[in-house]
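Below is data05.cif, which holds mmCIF, C-alpha atoms.
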data_final
loop_
_atom_site.label_atom_id
_atom_site.label_comp_id
_atom_site.auth_asym_id
_atom_site.auth_seq_id
_atom_site.Cartn_x
_atom_site.Cartn_y
_atom_site.Cartn_z
CA MET H 1 -18.74 -23.42 11.96
CA LYS H 2 -20.96 -25.44 14.27
CA LYS H 3 -17.94 -26.32 16.31
CA THR H 4 -17.12 -22.64 16.55
CA LEU H 5 -20.60 -21.82 17.73
CA VAL H 6 -20.44 -24.51 20.38
CA LEU H 7 -17.11 -23.16 21.50
CA ALA H 8 -18.60 -19.71 21.64
CA LEU H 9 -21.42 -21.01 23.79
CA ALA H 10 -18.79 -22.43 26.08
CA CYS H 11 -17.38 -18.96 26.49
CA GLY H 12 -20.81 -17.72 27.46
CA VAL H 13 -20.92 -15.22 24.62
CA LEU H 14 -21.15 -15.39 20.88
CA SER H 15 -18.81 -12.63 19.99
CA HIS H 16 -18.38 -12.19 16.27
CA SER H 17 -14.94 -10.67 16.38
CA ALA H 18 -13.58 -13.15 18.86
CA VAL H 19 -14.53 -16.47 17.37
CA ALA H 20 -16.73 -16.88 14.31
CA HIS H 21 -15.59 -16.49 10.73
CA ASP H 22 -16.96 -13.67 8.65
CA ARG H 23 -19.14 -14.90 5.81
CA TRP H 24 -20.17 -13.14 2.65
CA ILE H 25 -21.49 -13.13 -0.87
CA LEU H 26 -19.19 -10.96 -2.97
CA PRO H 27 -20.60 -10.12 -6.41
CA SER H 28 -18.26 -9.31 -9.29
CA HIS H 29 -20.23 -6.09 -9.90
CA PHE H 30 -22.61 -4.15 -7.69
CA THR H 31 -23.62 -1.65 -10.34
CA VAL H 32 -24.05 -2.54 -14.00
CA SER H 33 -25.46 -0.86 -17.08
CA ALA H 34 -26.71 -2.38 -20.32
CA GLU H 35 -29.04 -1.81 -23.24
CA ALA H 36 -32.62 -2.69 -22.31
CA GLY H 37 -33.26 -6.43 -22.28
CA LYS H 38 -29.69 -7.34 -23.09
CA GLY H 39 -28.92 -8.90 -19.72
CA VAL H 40 -25.71 -8.85 -17.71
CA TRP H 41 -23.99 -11.83 -16.10
CA ILE H 42 -22.88 -11.49 -12.51
CA THR H 43 -20.59 -13.98 -10.84
CA SER H 44 -20.25 -14.06 -7.06
CA ASP H 45 -17.91 -15.61 -4.54
CA VAL H 46 -19.40 -17.16 -1.42
CA THR H 47 -16.88 -17.73 1.32
CA ALA H 48 -16.11 -17.68 5.03
CA SER H 49 -12.89 -16.08 6.14
CA ASN H 50 -11.25 -13.93 8.74
CA GLN H 51 -9.81 -11.48 6.21
CA VAL H 52 -12.09 -9.17 4.26
CA PHE H 53 -12.43 -10.14 1.31
CA GLN H 54 -9.86 -12.87 1.04
CA TYR H 55 -11.64 -16.16 0.42
CA ASP H 56 -10.77 -19.00 2.71
CA LYS H 57 -13.53 -21.57 3.12
CA PRO H 58 -16.08 -22.73 0.55
CA TYR H 59 -19.26 -21.49 2.15
CA GLY H 60 -21.84 -23.05 -0.19
CA SER H 61 -23.34 -21.20 -3.14
CA GLU H 62 -25.89 -23.85 -4.21
CA ASP H 63 -28.43 -22.56 -1.70
CA VAL H 64 -28.19 -18.90 -2.67
CA GLU H 65 -31.48 -17.20 -3.41
CA ILE H 66 -31.92 -14.20 -5.67
CA ILE H 67 -34.79 -11.81 -5.09
CA THR H 68 -35.51 -10.08 -8.41
CA PRO H 69 -36.58 -6.44 -8.89
CA GLN H 70 -40.14 -7.80 -9.18
CA GLY H 71 -39.82 -9.56 -5.81
CA LYS H 72 -39.67 -13.11 -7.23
CA LYS H 73 -37.32 -15.70 -5.81
CA GLN H 74 -34.81 -17.18 -8.24
CA TRP H 75 -31.74 -19.40 -8.02
CA PRO H 76 -28.26 -19.34 -9.55
CA SER H 77 -27.94 -20.62 -13.09
CA SER H 78 -24.85 -22.53 -12.03
CA SER H 79 -22.72 -22.94 -8.97
CA TYR H 80 -19.38 -24.40 -8.06
CA LYS H 81 -17.85 -25.42 -4.78
CA GLY H 82 -14.10 -25.22 -4.63
CA SER H 83 -11.73 -25.82 -1.77
CA ARG H 84 -11.44 -22.18 -0.84
CA LYS H 85 -14.62 -20.61 -2.11
CA SER H 86 -17.93 -21.29 -3.75
CA VAL H 87 -19.08 -19.45 -6.85
CA PHE H 88 -22.41 -18.87 -8.54
CA ASP H 89 -23.50 -17.16 -11.72
CA TYR H 90 -26.71 -15.33 -12.40
CA GLN H 91 -27.90 -13.22 -15.30
CA LEU H 92 -29.61 -9.93 -14.52
CA VAL H 93 -32.18 -9.22 -17.22
CA ALA H 94 -34.82 -6.86 -15.85
CA ASP H 95 -33.71 -3.40 -14.76
CA GLY H 96 -33.65 -2.83 -11.03
CA THR H 97 -32.13 -4.05 -7.80
CA TYR H 98 -31.55 -7.73 -6.97
CA LYS H 99 -30.94 -9.13 -3.52
CA LEU H 100 -28.52 -12.04 -3.25
CA GLN H 101 -28.90 -14.04 -0.05
CA LYS H 102 -28.01 -17.35 1.50
CA LYS H 103 -31.05 -19.47 2.26
CA THR H 104 -31.46 -19.32 5.99
CA SER H 105 -33.51 -20.66 8.87
CA PRO H 106 -33.18 -20.53 12.66
CA ARG H 107 -31.00 -23.04 14.47
CA TYR H 108 -31.28 -24.02 18.08
CA TYR H 109 -28.61 -24.89 20.59
CA ALA H 110 -28.68 -25.59 24.30
CA SER H 111 -26.33 -26.21 27.17
CA TYR H 112 -26.66 -27.55 30.68
CA LYS H 113 -24.48 -28.48 33.62
CA VAL H 114 -24.07 -31.79 35.38
CA LYS H 115 -23.15 -32.12 39.06
CA GLY H 116 -19.51 -33.03 39.48
CA GLU H 117 -18.54 -31.94 35.95
CA ASP H 118 -16.53 -28.76 35.35
CA LYS H 119 -17.65 -28.11 31.80
CA PRO H 120 -21.20 -27.62 30.61
CA VAL H 121 -22.68 -30.07 28.14
CA TYR H 122 -23.69 -28.72 24.73
CA SER H 123 -26.52 -29.89 22.59
CA ARG H 124 -27.38 -29.10 18.99
CA ALA H 125 -31.04 -29.47 19.80
CA ASP H 126 -33.48 -26.88 21.10
CA LYS H 127 -34.15 -26.43 24.81
CA GLU H 128 -37.20 -28.70 24.87
CA ALA H 129 -35.49 -31.56 23.05
CA THR H 130 -32.38 -31.14 25.17
CA LYS H 131 -34.43 -31.25 28.36
CA ALA H 132 -35.97 -34.55 27.27
CA LYS H 133 -32.62 -36.24 26.77
CA MET H 134 -30.72 -34.50 29.57
CA PRO H 135 -29.77 -36.68 32.59
CA ALA H 136 -31.85 -36.28 35.74
CA ASN H 137 -29.05 -34.47 37.56
CA GLY H 138 -28.64 -31.89 34.79
CA TYR H 139 -29.27 -28.25 35.71
CA ASP H 140 -28.85 -24.66 34.44
CA LEU H 141 -30.35 -25.53 31.08
CA VAL H 142 -30.08 -22.61 28.63
CA GLY H 143 -31.43 -22.59 25.07
CA VAL H 144 -30.29 -20.29 22.27
CA MET H 145 -31.95 -19.52 18.95
CA SER H 146 -29.36 -18.65 16.36
CA PHE H 147 -30.21 -17.02 13.04
CA SER H 148 -27.99 -15.42 10.44
CA ARG H 149 -28.34 -13.69 7.11
CA VAL H 150 -25.67 -13.32 4.47
CA GLU H 151 -26.67 -10.89 1.75
CA SER H 152 -25.78 -8.36 -0.90
CA TYR H 153 -27.49 -6.17 -3.50
CA VAL H 154 -26.69 -5.60 -7.16
CA THR H 155 -28.38 -3.17 -9.53
CA LEU H 156 -28.88 -3.19 -13.30
CA ASN H 157 -29.62 0.28 -14.68
CA LYS H 158 -32.30 2.04 -12.61
CA PRO H 159 -32.45 0.93 -8.96
CA ASN H 160 -35.74 -0.01 -7.31
CA ASP H 161 -36.81 -0.97 -3.80
CA THR H 162 -38.85 -4.16 -4.17
CA ALA H 163 -36.03 -6.56 -3.28
CA LEU H 164 -35.16 -4.39 -0.27
CA ALA H 165 -38.51 -5.01 1.40
CA PRO H 166 -38.23 -6.76 4.78
CA THR H 167 -40.00 -10.05 5.50
CA GLY H 168 -40.79 -9.27 9.15
CA GLU H 169 -38.91 -12.35 10.35
CA TYR H 170 -35.99 -12.43 12.77
CA LEU H 171 -33.19 -9.91 12.44
CA GLU H 172 -33.25 -7.76 9.31
CA LEU H 173 -31.11 -4.99 7.90
CA ILE H 174 -33.24 -2.66 5.80
CA PRO H 175 -31.39 -0.21 3.57
CA VAL H 176 -32.63 3.35 4.04
CA THR H 177 -29.92 4.68 1.79
CA HIS H 178 -30.34 2.56 -1.32
CA PRO H 179 -27.27 0.29 -1.72
CA ALA H 180 -26.73 1.74 -5.22
CA ASP H 181 -26.51 5.20 -3.63
CA ILE H 182 -23.83 4.50 -1.04
CA VAL H 183 -20.96 6.83 -1.87
CA GLU H 184 -17.67 7.71 -0.23
CA GLN H 185 -17.78 10.65 2.20
CA ASP H 186 -21.54 10.47 2.32
CA VAL H 187 -23.81 9.15 5.07
CA ALA H 188 -25.26 5.67 4.59
CA GLU H 189 -28.27 4.76 6.70
CA PHE H 190 -29.90 1.42 7.59
CA LYS H 191 -32.74 0.30 9.80
CA ILE H 192 -32.49 -2.81 11.95
CA THR H 193 -35.57 -4.76 12.93
CA TYR H 194 -36.34 -7.96 14.78
CA GLN H 195 -39.64 -9.68 13.92
CA GLY H 196 -40.54 -6.54 12.01
CA LYS H 197 -39.98 -4.15 14.94
CA PRO H 198 -37.09 -1.69 15.21
CA VAL H 199 -34.47 -2.75 17.73
CA SER H 200 -32.00 -0.65 19.68
CA GLY H 201 -28.60 -1.86 20.73
CA ALA H 202 -27.79 -3.96 17.67
CA GLU H 203 -24.05 -3.73 17.12
CA VAL H 204 -22.85 -2.89 13.65
CA SER H 205 -19.30 -3.13 12.42
CA VAL H 206 -18.23 -1.95 8.96
CA VAL H 207 -14.87 -3.03 7.57
CA LYS H 208 -13.32 -2.09 4.25
CA GLU H 209 -11.74 -4.79 2.11
CA GLY H 210 -8.01 -5.44 2.20
CA THR H 211 -7.55 -6.16 5.90
CA VAL H 212 -4.69 -8.56 5.12
CA TYR H 213 -2.67 -5.64 3.76
CA ARG H 214 -3.00 -3.27 6.70
CA ASN H 215 -2.12 -3.33 10.37
CA GLN H 216 -5.38 -1.96 11.72
CA LEU H 217 -8.79 -3.39 11.11
CA ASN H 218 -10.20 0.18 11.01
CA ALA H 219 -13.71 -1.02 11.76
CA THR H 220 -16.42 1.59 12.01
CA LYS H 221 -18.66 0.60 14.94
CA VAL H 222 -22.13 1.92 15.51
CA THR H 223 -25.13 0.81 17.55
CA SER H 224 -28.76 1.04 16.51
CA ASP H 225 -30.86 3.71 18.24
CA ASN H 226 -34.41 3.42 19.57
CA ASP H 227 -35.79 3.59 16.05
CA GLY H 228 -33.45 0.82 14.93
CA MET H 229 -31.46 3.31 12.86
CA VAL H 230 -27.74 3.18 12.22
CA SER H 231 -25.65 5.44 10.04
CA PHE H 232 -22.01 5.73 9.08
CA THR H 233 -19.90 7.42 6.44
CA PRO H 234 -17.58 5.30 4.29
CA GLN H 235 -14.38 7.30 4.11
CA SER H 236 -13.29 6.06 0.71
CA ALA H 237 -14.74 4.27 -2.29
CA GLY H 238 -14.45 0.50 -2.21
CA ARG H 239 -16.04 -2.72 -1.08
CA TYR H 240 -17.14 -3.16 2.51
CA LEU H 241 -18.36 -5.92 4.78
CA LEU H 242 -21.00 -4.91 7.28
CA HIS H 243 -21.80 -7.12 10.25
CA VAL H 244 -24.78 -6.79 12.58
CA GLU H 245 -25.00 -8.64 15.85
CA TYR H 246 -28.07 -8.75 18.02
CA GLN H 247 -28.49 -10.72 21.25
CA GLN H 248 -31.59 -10.55 23.35
CA PRO H 249 -33.19 -12.65 26.10
CA ILE H 250 -36.64 -13.92 25.11
CA LYS H 251 -39.56 -14.92 27.26
CA GLY H 252 -42.30 -17.47 26.79
CA ASN H 253 -40.46 -19.55 24.21
CA PRO H 254 -40.01 -23.19 25.27
CA LEU H 255 -37.25 -23.65 22.69
CA ALA H 256 -34.84 -20.88 23.70
CA ASP H 257 -34.02 -18.35 26.41
CA LYS H 258 -32.21 -15.96 24.17
CA VAL H 259 -31.81 -15.08 20.54
CA ASN H 260 -28.50 -14.60 18.88
CA ASN H 261 -28.90 -13.15 15.38
CA GLU H 262 -26.42 -11.74 12.93
CA ILE H 263 -26.27 -10.36 9.42
CA PHE H 264 -23.43 -9.98 6.95
CA LEU H 265 -23.94 -7.48 4.17
CA THR H 266 -21.48 -6.86 1.36
CA PHE H 267 -21.74 -3.47 -0.34
CA GLU H 268 -19.74 -0.97 -2.31
CA ALA H 269 -19.23 2.70 -1.66
CA GLY H 270 -18.98 4.40 -5.03
CA LEU H 271 -16.62 7.15 -6.08
CA ASP H 272 -17.99 10.61 -5.46
CA MET I 1 -23.15 20.75 -32.40
CA ASN I 2 -26.15 22.54 -33.95
CA LYS I 3 -26.97 23.83 -30.51
CA THR I 4 -23.41 25.12 -30.16
CA LEU I 5 -23.49 26.85 -33.52
CA LEU I 6 -26.79 28.42 -32.66
CA GLY I 7 -25.36 29.52 -29.35
CA ALA I 8 -22.37 31.05 -31.10
CA LEU I 9 -24.60 32.84 -33.59
CA LEU I 10 -26.72 34.20 -30.79
CA CYS I 11 -23.64 35.40 -29.00
CA THR I 12 -22.24 37.28 -31.98
CA SER I 13 -25.58 38.99 -32.44
CA MET I 14 -25.90 39.68 -28.76
CA LEU I 15 -26.46 43.41 -29.09
CA ALA I 16 -29.34 42.85 -31.40
CA MET I 17 -30.87 39.99 -29.43
CA PRO I 18 -29.97 40.55 -25.77
CA VAL I 19 -32.67 38.30 -24.33
CA SER I 20 -31.69 35.17 -26.22
CA ALA I 21 -28.03 35.34 -25.36
CA SER I 22 -28.41 34.05 -21.83
CA LYS I 23 -26.08 31.09 -21.94
CA ILE I 24 -23.10 29.77 -20.11
CA GLU I 25 -20.33 29.08 -22.56
CA ILE I 26 -17.99 26.22 -21.85
CA ASP I 27 -14.74 25.65 -23.61
CA LEU I 28 -13.93 22.08 -22.63
CA GLY I 29 -10.43 20.72 -23.10
CA LEU I 30 -9.84 16.97 -23.21
CA ALA I 31 -6.28 16.25 -22.19
CA GLU I 32 -3.71 15.16 -24.69
CA ILE I 33 -2.41 11.78 -23.58
CA THR I 34 1.05 10.87 -24.75
CA GLU I 35 1.73 7.79 -22.66
CA GLY I 36 0.33 4.33 -23.15
CA GLN I 37 -2.70 3.16 -25.02
CA TYR I 38 -5.18 5.87 -25.95
CA LEU I 39 -8.88 5.26 -26.33
CA ARG I 40 -11.21 8.23 -26.60
CA PRO I 41 -12.71 8.92 -23.19
CA TYR I 42 -16.30 8.68 -22.10
CA THR I 43 -17.31 12.21 -21.23
CA ALA I 44 -20.32 13.70 -19.47
CA VAL I 45 -20.98 17.38 -18.86
CA TRP I 46 -23.95 18.28 -16.72
CA VAL I 47 -25.41 20.68 -14.17
CA GLU I 48 -26.58 19.90 -10.64
CA ASP I 49 -28.46 22.12 -8.24
CA SER I 50 -27.15 23.07 -4.79
CA ARG I 51 -28.39 19.76 -3.33
CA GLY I 52 -26.59 17.67 -5.91
CA LYS I 53 -29.71 16.91 -7.96
CA HIS I 54 -29.30 16.59 -11.71
CA VAL I 55 -30.66 19.58 -13.62
CA ASP I 56 -29.54 19.09 -17.21
CA THR I 57 -27.02 17.05 -19.15
CA ILE I 58 -25.17 19.22 -21.61
CA ALA I 59 -23.09 16.55 -23.33
CA LEU I 60 -22.61 12.79 -23.19
CA TRP I 61 -19.97 11.30 -25.44
CA THR I 62 -19.88 7.51 -25.57
CA TRP I 63 -19.49 4.61 -27.94
CA ASP I 64 -22.61 3.59 -29.83
CA GLU I 65 -22.74 0.08 -28.48
CA GLY I 66 -21.31 1.09 -25.18
CA GLU I 67 -24.10 1.17 -22.61
CA LYS I 68 -22.16 -1.48 -20.77
CA TRP I 69 -19.62 1.20 -19.90
CA LEU I 70 -22.03 3.99 -18.96
CA LYS I 71 -21.85 2.92 -15.31
CA ASP I 72 -18.17 3.88 -15.35
CA ILE I 73 -19.08 7.55 -15.70
CA ARG I 74 -19.75 6.99 -12.03
CA ARG I 75 -21.28 10.16 -10.75
CA TRP I 76 -23.22 11.02 -13.90
CA TRP I 77 -24.57 7.46 -13.99
CA ARG I 78 -25.73 7.67 -10.39
CA LYS I 79 -27.18 11.13 -10.74
CA ILE I 80 -29.19 10.64 -13.93
CA GLY I 81 -27.90 8.06 -16.42
CA ARG I 82 -29.39 5.03 -14.72
CA ASP I 83 -32.75 6.73 -14.20
CA GLU I 84 -33.52 7.89 -17.66
CA ALA I 85 -33.94 5.14 -20.25
CA GLY I 86 -34.18 6.79 -23.64
CA PHE I 87 -32.78 10.02 -22.28
CA ILE I 88 -29.35 8.82 -23.33
CA ASP I 89 -30.27 8.94 -27.01
CA GLY I 90 -31.29 12.57 -26.70
CA VAL I 91 -27.98 14.11 -25.69
CA THR I 92 -25.44 11.50 -26.65
CA GLY I 93 -22.76 11.82 -29.26
CA ALA I 94 -19.70 9.90 -30.35
CA THR I 95 -16.58 9.95 -28.19
CA ARG I 96 -14.17 12.81 -28.96
CA PRO I 97 -10.38 12.76 -29.02
CA SER I 98 -8.10 15.22 -27.22
CA GLY I 99 -8.88 18.81 -28.11
CA GLN I 100 -11.02 21.82 -27.28
CA TYR I 101 -14.80 21.66 -27.53
CA LYS I 102 -17.37 24.40 -27.26
CA LEU I 103 -20.54 23.71 -25.31
CA ASP I 104 -23.18 25.87 -23.77
CA TRP I 105 -26.00 25.73 -21.29
CA ASP I 106 -29.09 27.89 -21.58
CA PHE I 107 -30.24 27.73 -17.93
CA THR I 108 -32.96 25.22 -18.69
CA ASP I 109 -33.48 21.81 -17.13
CA SER I 110 -33.74 18.51 -18.99
CA GLU I 111 -37.39 19.26 -19.75
CA GLY I 112 -36.50 22.61 -21.29
CA LYS I 113 -37.87 24.72 -18.44
CA SER I 114 -35.89 27.74 -17.24
CA VAL I 115 -34.25 27.19 -13.88
CA VAL I 116 -34.66 29.53 -10.94
CA ALA I 117 -31.86 31.83 -9.80
CA GLY I 118 -29.54 30.24 -7.25
CA LYS I 119 -26.48 28.11 -6.78
CA TYR I 120 -25.54 25.45 -9.30
CA THR I 121 -22.58 23.24 -10.09
CA LEU I 122 -21.22 22.44 -13.52
CA LEU I 123 -19.63 18.98 -13.62
CA VAL I 124 -17.33 17.40 -16.15
CA GLU I 125 -16.60 13.68 -15.75
CA VAL I 126 -14.09 12.10 -18.10
CA VAL I 127 -13.31 8.38 -17.92
CA ARG I 128 -10.84 6.66 -20.17
CA GLU I 129 -10.44 2.91 -20.57
CA HIS I 130 -6.91 1.94 -19.47
CA GLY I 131 -6.63 5.52 -18.25
CA ASN I 132 -7.83 7.80 -15.48
CA ARG I 133 -11.06 9.27 -14.31
CA SER I 134 -11.37 12.99 -13.73
CA LEU I 135 -14.31 14.71 -12.10
CA VAL I 136 -14.16 18.48 -12.34
CA ARG I 137 -16.71 20.66 -10.59
CA HIS I 138 -17.35 24.35 -10.73
CA LYS I 139 -19.90 26.02 -8.48
CA PHE I 140 -21.51 29.16 -9.75
CA ASN I 141 -24.32 31.56 -8.92
CA HIS I 142 -27.09 31.93 -11.42
CA ASP I 143 -27.89 35.52 -10.48
CA GLY I 144 -27.61 37.38 -13.77
CA LYS I 145 -24.07 38.61 -13.10
CA ALA I 146 -21.23 38.01 -15.49
CA PHE I 147 -18.43 35.60 -14.62
CA ALA I 148 -15.50 33.91 -16.27
CA VAL I 149 -13.26 31.23 -14.87
CA THR I 150 -10.56 28.95 -16.16
CA LEU I 151 -10.15 25.60 -14.43
CA PRO I 152 -6.67 24.08 -14.41
CA PRO I 153 -5.92 20.81 -16.21
CA THR I 154 -6.47 17.45 -14.50
CA ASP I 155 -5.43 13.95 -15.57
CA GLU I 156 -8.07 13.73 -18.27
CA THR I 157 -9.02 17.36 -18.85
CA ALA I 158 -7.06 20.24 -20.31
CA GLU I 159 -8.06 23.79 -19.35
CA ILE I 160 -11.79 24.35 -19.06
CA THR I 161 -13.11 27.88 -19.47
CA ILE I 162 -16.57 28.73 -18.23
CA LYS I 163 -18.04 32.12 -19.10
CA TYR I 164 -21.27 33.94 -18.62
CA GLN I 165 -21.97 37.37 -20.08
CA PRO I 166 -25.55 38.55 -19.68
#
File written out as structure tokens:
Amino acid sequence: MKKTLVLALACGVLSHSAVAHDRWILPSHFTVSAEAGKGVWITSDVTASNQVFQYDKPYGSEDVEIITPQGKKQWPSSSYKGSRKSVFDYQLVADGTYKLQKKTSPRYYASYKVKGEDKPVYSRADKEATKAKMPANGYDLVGVMSFSRVESYVTLNKPNDTALAPTGEYLELIPVTHPADIVEQDVAEFKITYQGKPVSGAEVSVVKEGTVYRNQLNATKVTSDNDGMVSFTPQSAGRYLLHVEYQQPIKGNPLADKVNNEIFLTFEAGLD
Amino acid sequence: MNKTLLGALLCTSMLAMPVSASKIEIDLGLAEITEGQYLRPYTAVWVEDSRGKHVDTIALWTWDEGEKWLKDIRRWWRKIGRDEAGFIDGVTGATRPSGQYKLDWDFTDSEGKSVVAGKYTLLVEVVREHGNRSLVRHKFNHDGKAFAVTLPPTDETAEITIKYQP
């Protein structure tokens, strides 16, 4: 993955569709019912792949966090890393909506040019650190802050909104239509924020599962408006992978000149 | 069932008690399945208003220990089942086999209050393990005028007759 990112830097863009693998957490069930207090086990695949939702690479599940309907952070009861996917189990006990997410933090990259060399030099350090170690004849130093979220929501009995609350950090995808209410042929709406503020121009792509068995990707593409809002209508019931990409130059940050954030959300559109 | 009997009694004595006879009568057919394994279906019958909001659940037929499967009555679960803990005990009954069943709705919501005149939809959702799911809808006007309609069979429903005679 890091190699891919470096390669993407080399191309001057970080285009999701062109280079990076999709990543996701795919729960066995998005919607479950049970007698009060009985508890329901959910198992989830965590994988990186270029076919939705065919697992390919074991994107780790040991660092998955679960935000409970009360807003507490929990961890999987067990996890497994195979050769083609990772898996974790978790038991839902309290009624409500749980957020499943990969633990995440920003990463910094930088690149610069050297006189006489065709190709830029890439560094896995931030701009400041790269500047310190860069040769004296280095120039055109550019730093990038990269941040990604990989998330999904599951609901036991009555949905609630606590786990949907944004943190105000980096890029976030806030469900306006509750994930448990996304239904075929019905509008689903989300709000996209960066550092807690709505952002326009974030690119969203929504792809239904089963891409390996069809000739067209059939991605629904939408862009966030001035209020950070995006909406789309899943045409049929099923499981979908939603990807958000947001790139923006930043000023006054010694570590980076631009941010490059993305989010992967797995959700289901229910039968009408 | 008591409610149905009462409804039937009220209907037969309609001339004597015109005010109390204001009910929609539903003759619900569950399809006869001749192929494969047959397990009695999960069935929900309910009313939504013109915006798709749950008004009243008329019948919910499930297994006793089966809350695990309630989510599979997909639309009913989303519209009301998941929201109303305890509500399930109030209207639920055992699963029924293929056959005709008489139900009625007295134009009241789940709290027993009379609903206002307007557009409503009667929904029948039938889900069978190892079988199909059928969602049948019928829109009607609650405006005091008589109507009668017979809905054709689907995978999991036989004919459904819906009648209103003020």
As a PyMOL selection string, could you give me every residue of chain H near chain I (at most 6 Å apart, counting all atoms listed in the file)? chain H and resi 33-35+157-158
Take the PyMOL selection byres ((chain I and resi 152) around 12), run it mentally on this structure, and tell me the resulting residues as JSON, numbers by chain. {"I": [28, 29, 30, 31, 136, 137, 138, 149, 150, 151, 153, 154, 155, 156, 157, 158, 159, 160, 161, 162]}
Selection from above, C-alpha atoms, as an mmCIF file, keeping the file's coordinate frame, can you write it?
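Once everything was written out, this is selection16.cif:
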data_model
loop_
_atom_site.group_PDB
_atom_site.id
_atom_site.type_symbol
_atom_site.label_atom_id
_atom_site.label_comp_id
_atom_site.auth_asym_id
_atom_site.auth_seq_id
_atom_site.Cartn_x
_atom_site.Cartn_y
_atom_site.Cartn_z
ATOM 1 C CA LEU I 28 -13.930 22.080 -22.630
ATOM 2 C CA GLY I 29 -10.430 20.720 -23.100
ATOM 3 C CA LEU I 30 -9.840 16.970 -23.210
ATOM 4 C CA ALA I 31 -6.280 16.250 -22.190
ATOM 5 C CA VAL I 136 -14.160 18.480 -12.340
ATOM 6 C CA ARG I 137 -16.710 20.660 -10.590
ATOM 7 C CA HIS I 138 -17.350 24.350 -10.730
ATOM 8 C CA VAL I 149 -13.260 31.230 -14.870
ATOM 9 C CA THR I 150 -10.560 28.950 -16.160
ATOM 10 C CA LEU I 151 -10.150 25.600 -14.430
ATOM 11 C CA PRO I 153 -5.920 20.810 -16.210
ATOM 12 C CA THR I 154 -6.470 17.450 -14.500
ATOM 13 C CA ASP I 155 -5.430 13.950 -15.570
ATOM 14 C CA GLU I 156 -8.070 13.730 -18.270
ATOM 15 C CA THR I 157 -9.020 17.360 -18.850
ATOM 16 C CA ALA I 158 -7.060 20.240 -20.310
ATOM 17 C CA GLU I 159 -8.060 23.790 -19.350
ATOM 18 C CA ILE I 160 -11.790 24.350 -19.060
ATOM 19 C CA THR I 161 -13.110 27.880 -19.470
ATOM 20 C CA ILE I 162 -16.570 28.730 -18.230
#
Apply the PyMOL selection byres ((chain I and resi 52) around 12) to the file shown and report the selected residues as a PyMOL selection string. (chain H and resi 272) or (chain I and resi 46-51+53-56+75-76+78-80+119-123+137+139)
For His29 of chain H, list every protein, DNA or RNA residue within 10 Å, evaluated using only C-alpha atoms, and leave out those in the same chain fewer than 4 positions away; present the list as a PyMOL selection string. chain H and resi 40-44+153-156+268
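Proximity of I:Glu35, I:Asp143, I:Asp64, I:Glu111 to Gln165 of chain I, computed with all atoms listed in the file, is greatest for I:Asp143.
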Need to verify the contact set: Pro166 of chain I, 7 Å, only C-alpha atoms, exclusion of same-chain residues closer than 5 positions in sequence. Can you return it as a ChimeraX atom specification? /I:21-22,144-146
Choose the residue, out of H:Arg214, H:Lys208, H:Arg107, H:Arg149, that has the smallest atom-to-atom separation from Phe264 of chain H; count all atoms listed in the file.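 Closest residue, counting all atoms listed in the file: H:Arg149.
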Can you tell me how far atom CA of Phe107 of chain I sits from atom CA of Tyr164 of chain I, in Å to one decimal?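 Taking atom CA of Phe107 of chain I as the start and atom CA of Tyr164 of chain I as the end point, the length is 10.9 Å.
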Name the residues in contact with Ala59 of chain I at a cut-off of 6 Å, using all atoms listed in the file, excluding same-chain residues fewer than 4 positions from it; report them as a PyMOL selection string. chain I and resi 44-45+91
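Across the structure, atom CA of Thr193 of chain H and atom CA of Glu262 of chain H are spaced 11.5 Å apart.
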Using C-alpha atoms, give me segment 144-157 of chain I from the structure I just pasted, as a short mmCIF file (atom, residue, chain, number, x, y, z; two decimals), in the first residue's frame.
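Writing done, so here's decode-v1.cif:
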data_model
loop_
_atom_site.label_atom_id
_atom_site.label_comp_id
_atom_site.auth_asym_id
_atom_site.auth_seq_id
_atom_site.Cartn_x
_atom_site.Cartn_y
_atom_site.Cartn_z
CA GLY I 144 -66.10 7.15 4.28
CA LYS I 145 -66.87 5.65 0.86
CA ALA I 146 -67.31 1.95 0.32
CA PHE I 147 -64.71 -0.04 -1.61
CA ALA I 148 -63.84 -3.63 -2.34
CA VAL I 149 -60.79 -4.98 -4.08
CA THR I 150 -59.23 -8.36 -4.68
CA LEU I 151 -55.46 -8.48 -5.04
CA PRO I 152 -54.03 -11.23 -7.23
CA PRO I 153 -51.82 -13.97 -5.78
CA THR I 154 -48.07 -13.49 -5.41
CA ASP I 155 -45.33 -16.00 -4.53
CA GLU I 156 -46.32 -16.18 -0.89
CA THR I 157 -49.86 -14.81 -0.89
#
